[in-house]
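Trainee: Next up is a structure, given as structure tokens.
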2 protein chains.
Amino acid sequence: MTNRGRGSTIAAEADLGEVVLRPVRGHHAFESCVEQLATGIRLGVFPNGSTLPPERELAERMGVSRTTLREAIAALRSAGMVKTKRGRGGGTVIHHTPAAPSDSSAESSMAGLAPRREELLDMLVFRRVVEPGASFVAACRDVTGPQRQFLSDALAEVSSARDPSTHRQADSRLHLAIASLTGSSKLIHAVTEVQSDLHDMLQAIPVLPVNIDHSNAQHEAIVRAILAGNAPRARRAMESHCDDTAALIRGLLG
Amino acid sequence: MTNRGRGSTIAAEADLGEVVLRPVRGHHAFESCVEQLATGIRLGVFPNGSTLPPERELAERMGVSRTTLREAIAALRSAGMVKTKRGRGGGTVIHHTPAAPSDSSAESSMAGLAPRREELLDMLVFRRVVEPGASFVAACRDVTGPQRQFLSDALAEVSSARDPSTHRQADSRLHLAIASLTGSSKLIHAVTEVQSDLHDMLQAIPVLPVNIDHSNAQHEAIVRAILAGNAPRARRAMESHCDDTAALIRGLLG
DNA sequence: GAACAAAGGTCTAAGGTCGAGCCATTGACA
DNA sequence: TGTCAATGGCTCGACCTTAGACCTTTGTTC
């Protein structure tokens with residue numbers, strides 16, 4: 001496209017123009033807000049019963065007008081994900097609704113994700129780079145006392161989670177906790193995106209107890225390596241973890 | 001923020017809400033278009049004298065209305081970066097303007113980047129994850145004949161670049177070429193962003209011939225490892241390369 | 001030279017988004 | 001109990017963005 005047989009003597013690089021240009025923004029501001037907040041809620045970043053920041057503050061942090069943010073919140077409210085109370089001490093309260101039990105057939109559950117197949121496969125590649133990278137960086141950091149506690153708590157929550165839904169959330173939180181230790185907002189964002197897609201997929205498939213046990217063992221290895229400051233081992237452990245999840249998902253996506 | 005002492009029994013995770021929420025979109029569509037196109041031009045993705053895709057097609061690929069895209073192009077035109085010709089066979093032609101020679105003092109050149117200091121340091125962390133990751137993935141891929149040629153050509157261009165400006169562009173193109181071998185649009189985008197920031201910095205500092213020689217040697221090692229399909233070595237080589245550039249830049253940013 | 005095709009140039013109506021101000025409700029505190 | 005502060009609820013005008021249709025220019029082809 002960049003070169004169409006005239007004007008340029010360079011042909012080989014033409015492909016770069018193809019791959020570098022990308023949609024300037026996926027959706028409208030409203031949709032992005034809904035998605036970001038809903039993701040935060042589903043991933044358990046905002047625990048059940050907790051309160052969102054005030055609208056004015058949230059709007060500013062999300063770089064969006066209060067009008068738009070309010071529409072997004074209204075959407076969440078009509079979806080039953082939050083409840084709003086006015087007045088001082090009021091606010092928007094997270095109200096986790098138990099995930100509607102999908103029909104237990106893996107194929108039909110994954111069917112809804114079929115249109116996003118390419119995107120999701122791409123995500124798995126991207127994840128295999130950023131999550132191990134984040135583990136590596138986290139292990140290089142001087143992790144302070146409270147942060148060690150934060151990480152250990154997140155690990156304990158995953159291990160002790162009873163039902164699949166709770167486990168899913170705790171899993172996401174652990175991965176986000178690791179990313180947050182890096183202190184890099186770009187890395188954190190990359191992991192958040194990845195976890196959001198991953199969440200969609202893993203919630204759509206029945207995860208066996210055997211998978212969960214295996215996953216928990218890997219989580220422990222990752223956290224141990226990070227706390228020990230052993231960056232290469234942290235990365236390798238996370239790589240194995242990503243590879244195993246990816247294999248499971250690729251198998252189902254075909 | 002997420003929890004303010006009431007409503008939630010969980011306090012430790014409150015931080016996640018802080019770090020996960022992020023601006024929904026950096027700028028308006030118009031600004032993003034300008035930035036993306038200008039970046040493509042500066043990085044040499046669109047070689048001098050080449051023609052942009054037709055407006056209608058470009059608009060669609062960038063997910064933006066033709067009106068908006070046209071405004072962006074008008075901005076580039078008034079900045080002297082492109083020239084437009086009407087009629088069949090016409091189009092928007094890239095017109096590289098020689099970079100305005102900055103005053104040769106490194107401190108004063110970097111001064112303009114001071115407001116972005118945090119962002120740029122973050123970028124170096126992110127880069128150290130995504131570029132080695134991209135090299136790793138690229139080396140895992142079955143690189144076809146034309147792709148091998150593409151990569152080799154990009155390498156040759158960097159090595160043979162005469163002036164600093166040409167070298168900068170060829171360098172960016174090589175890194176983008178490696179990323180494009182992964183076939184992952186998320187990875188490509190991550191590398192594009194990183195290279196854009198990097199470009200701003202490296203153009204602001206005087207790069208010594210000694211640095212360029214060193215850099216060229218590293219580039220060759222990276223490309224060799226990728227062509228040989230040696231993923232771990234490709235990653236290690238790219239890590240060294242990133243570390244060296246980062247050390248140079250961190251030193252100047254303070 | 002005439003017709004066509006491929007580009008950029010222009011216009012309009014409809015809707016999204018913003019920012020800013022003001023209102024309404026509620027709990028905290030003097 | 002009365003006042004205040006913090007919070008969500010609402011409205012309005014300005015601007016940005018979109019989608020589509022139509023115009024103009026220009027090279028190609030017959």
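Chains: A, B, ... in order of the structure tokens. Residues: from 1 per chain. Ligands: from 1, in order shown.
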Give me, as a ChimeraX atom specification, the residues of chain A touching chain D, with the criterion being at most 7 Å (counting only C-alpha atoms (C1' of nucleotides)).
Mentor: /A:86-91
Trainee: Starting from chain C, keep only residues with some atom at most 8 Å from an atom of chain A, counting only C-alpha atoms (C1' of nucleotides), and report them as a ChimeraX atom specification.
Mentor: /C:17-19,25-27
Trainee: Mind writing the picked residues with C-alpha atoms (C1' of nucleotides) as a JSON list (two decimals), in the first residue's frame?
Mentor:
[["chain", "number", "residue", "atom", "x", "y", "z"],
["C", 17, "DT", "C1'", -18.10, 14.02, 24.15],
["C", 18, "DC", "C1'", -16.67, 17.72, 26.91],
["C", 19, "DG", "C1'", -16.55, 21.08, 30.53],
["C", 25, "DT", "C1'", -29.48, 14.15, 49.05],
["C", 26, "DT", "C1'", -27.26, 12.50, 52.91],
["C", 27, "DG", "C1'", -24.16, 11.81, 56.71]]
Trainee: Which polymer residues have any atom within 12 Å of an atom of B:Ile212, counting only C-alpha atoms (C1' of nucleotides), with same-chain residues fewer than 2 positions away left out, as JSON, numbers by chain?
Mentor: {"B": [158, 159, 160, 161, 162, 163, 164, 167, 168, 171, 202, 206, 207, 208, 209, 210, 214, 215, 216, 217, 218, 219, 241, 244, 245]}
Trainee: Restricting the output to N, CA and C atoms, write the selected residues as an mmCIF file, in the first residue's frame.
Mentor:
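Output file result37.cif is given in full below:
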data_model
loop_
_atom_site.group_PDB
_atom_site.id
_atom_site.type_symbol
_atom_site.label_atom_id
_atom_site.label_comp_id
_atom_site.auth_asym_id
_atom_site.auth_seq_id
_atom_site.Cartn_x
_atom_site.Cartn_y
_atom_site.Cartn_z
ATOM 1 N N VAL B 158 21.022 -0.611 8.309
ATOM 2 C CA VAL B 158 21.524 0.010 9.529
ATOM 3 C C VAL B 158 23.035 0.095 9.480
ATOM 4 N N SER B 159 23.653 -1.000 9.100
ATOM 5 C CA SER B 159 25.116 -1.045 9.105
ATOM 6 C C SER B 159 25.711 -0.019 8.160
ATOM 7 N N SER B 160 25.035 0.171 7.042
ATOM 8 C CA SER B 160 25.645 1.012 6.017
ATOM 9 C C SER B 160 25.202 2.464 6.100
ATOM 10 N N ALA B 161 24.372 2.770 7.071
ATOM 11 C CA ALA B 161 23.859 4.138 7.166
ATOM 12 C C ALA B 161 25.009 5.115 7.375
ATOM 13 N N ARG B 162 24.960 6.201 6.627
ATOM 14 C CA ARG B 162 26.031 7.182 6.731
ATOM 15 C C ARG B 162 25.781 8.167 7.874
ATOM 16 N N ASP B 163 24.813 9.015 7.695
ATOM 17 C CA ASP B 163 24.604 10.074 8.698
ATOM 18 C C ASP B 163 23.725 9.570 9.849
ATOM 19 N N PRO B 164 23.800 10.257 10.985
ATOM 20 C CA PRO B 164 23.062 9.834 12.186
ATOM 21 C C PRO B 164 21.564 9.710 11.947
ATOM 22 N N HIS B 167 20.741 6.637 10.104
ATOM 23 C CA HIS B 167 20.981 5.505 10.983
ATOM 24 C C HIS B 167 19.836 5.320 11.964
ATOM 25 N N ARG B 168 19.367 6.408 12.513
ATOM 26 C CA ARG B 168 18.240 6.349 13.454
ATOM 27 C C ARG B 168 17.045 5.653 12.808
ATOM 28 N N ASP B 171 17.627 2.027 12.106
ATOM 29 C CA ASP B 171 17.596 1.298 13.376
ATOM 30 C C ASP B 171 16.153 0.979 13.766
ATOM 31 N N LEU B 202 16.741 9.426 21.367
ATOM 32 C CA LEU B 202 18.025 9.222 20.708
ATOM 33 C C LEU B 202 18.337 10.336 19.715
ATOM 34 N N PRO B 206 23.630 13.363 21.160
ATOM 35 C CA PRO B 206 24.653 13.086 20.162
ATOM 36 C C PRO B 206 25.170 11.670 20.359
ATOM 37 N N VAL B 207 24.989 10.842 19.358
ATOM 38 C CA VAL B 207 25.442 9.456 19.484
ATOM 39 C C VAL B 207 26.839 9.329 18.897
ATOM 40 N N LEU B 208 27.727 8.758 19.679
ATOM 41 C CA LEU B 208 29.113 8.639 19.246
ATOM 42 C C LEU B 208 29.278 7.472 18.279
ATOM 43 N N PRO B 209 30.251 7.589 17.376
ATOM 44 C CA PRO B 209 30.533 6.488 16.441
ATOM 45 C C PRO B 209 30.781 5.182 17.174
ATOM 46 N N VAL B 210 31.404 5.294 18.335
ATOM 47 C CA VAL B 210 31.702 4.088 19.113
ATOM 48 C C VAL B 210 30.400 3.378 19.510
ATOM 49 N N HIS B 214 29.121 -0.422 18.264
ATOM 50 C CA HIS B 214 28.695 -1.407 19.249
ATOM 51 C C HIS B 214 27.279 -1.881 18.937
ATOM 52 N N SER B 215 26.441 -0.914 18.669
ATOM 53 C CA SER B 215 25.052 -1.196 18.351
ATOM 54 C C SER B 215 24.944 -2.094 17.123
ATOM 55 N N ASN B 216 25.741 -1.794 16.122
ATOM 56 C CA ASN B 216 25.701 -2.607 14.904
ATOM 57 C C ASN B 216 26.099 -4.052 15.173
ATOM 58 N N ALA B 217 27.114 -4.210 16.012
ATOM 59 C CA ALA B 217 27.548 -5.570 16.344
ATOM 60 C C ALA B 217 26.409 -6.324 17.028
ATOM 61 N N GLN B 218 25.716 -5.630 17.921
ATOM 62 C CA GLN B 218 24.600 -6.276 18.618
ATOM 63 C C GLN B 218 23.476 -6.620 17.654
ATOM 64 N N HIS B 219 23.195 -5.696 16.756
ATOM 65 C CA HIS B 219 22.146 -5.967 15.768
ATOM 66 C C HIS B 219 22.464 -7.238 14.994
ATOM 67 N N HIS B 241 21.339 -5.450 24.147
ATOM 68 C CA HIS B 241 21.177 -4.249 23.329
ATOM 69 C C HIS B 241 20.317 -3.223 24.064
ATOM 70 N N ASP B 244 22.127 -1.673 27.093
ATOM 71 C CA ASP B 244 23.143 -0.682 26.767
ATOM 72 C C ASP B 244 22.523 0.664 26.402
ATOM 73 N N THR B 245 21.492 0.595 25.553
ATOM 74 C CA THR B 245 20.825 1.849 25.189
ATOM 75 C C THR B 245 20.229 2.506 26.427
#
Trainee: Please report the interatomic distance between atom CA of A:Arg148 and atom CA of A:Ala134 in Å with one decimal.
Mentor: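 Computing the Euclidean distance for atom CA of A:Arg148 and atom CA of A:Ala134 yields 15.8 Å.
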Trainee: Which one is closest to chain B: A:Ser172, A:Gln195, A:Ser165, A:Gln36? Count only C-alpha atoms.
Mentor: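 Checking each of A:Ser172, A:Gln195, A:Ser165, A:Gln36 against chain B, counting only C-alpha atoms, the winner is A:Gln36.
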Trainee: Quick one, how far is atom CA of B:Thr166 from atom CA of B:Cys242?
Mentor: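 Those two atoms sit 20.0 Å apart.
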Trainee: Give me every helix (DSSP H, G or I) residue in stretch 66-217 of chain B, going by DSSP on the backbone, as a PyMOL selection string.
Mentor: chain B and resi 66-78+106-111+114-140+145-160+164-182+185-204+209-217
Trainee: How many Å separate atom CA of A:Leu227 from atom CA of B:Asp122?
Mentor: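 Separating atom CA of A:Leu227 from atom CA of B:Asp122 is a distance of 22.1 Å.
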Trainee: What are the DSSP strand (DSSP E or B) residues of stretch 58-231 of chain B, as a VMD selection string?
Mentor: chain B and resid 82 to 85 91 to 94
Trainee: With C-alpha atoms retained, write the just-selected residues as a CSV table (one decimal), in the first residue's frame.
Mentor:
chain,number,residue,atom,x,y,z
B,82,VAL,CA,3.9,15.5,3.2
B,83,LYS,CA,2.8,16.9,-0.1
B,84,THR,CA,-0.6,16.2,-1.7
B,85,LYS,CA,-1.4,15.8,-5.3
B,91,GLY,CA,-2.0,11.0,-3.3
B,92,THR,CA,-0.1,12.1,-0.3
B,93,VAL,CA,3.6,11.9,-0.7
B,94,ILE,CA,6.0,11.6,2.2
Trainee: Show me, as a ChimeraX atom specification, the residues that have an atom within 12 Å of B:Ala75 when counting only C-alpha atoms (C1' of nucleotides), minus same-chain residues fewer than 3 positions from it.
Mentor: /B:30-35,37-38,68-72,78-84
Trainee: Between A:Met201, A:Ala246, A:Leu120, A:Met62, which residue has the minimum interatomic distance to chain B, considering only C-alpha atoms?
Mentor: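 That would be A:Met62, the residue with the smallest distance to chain B.
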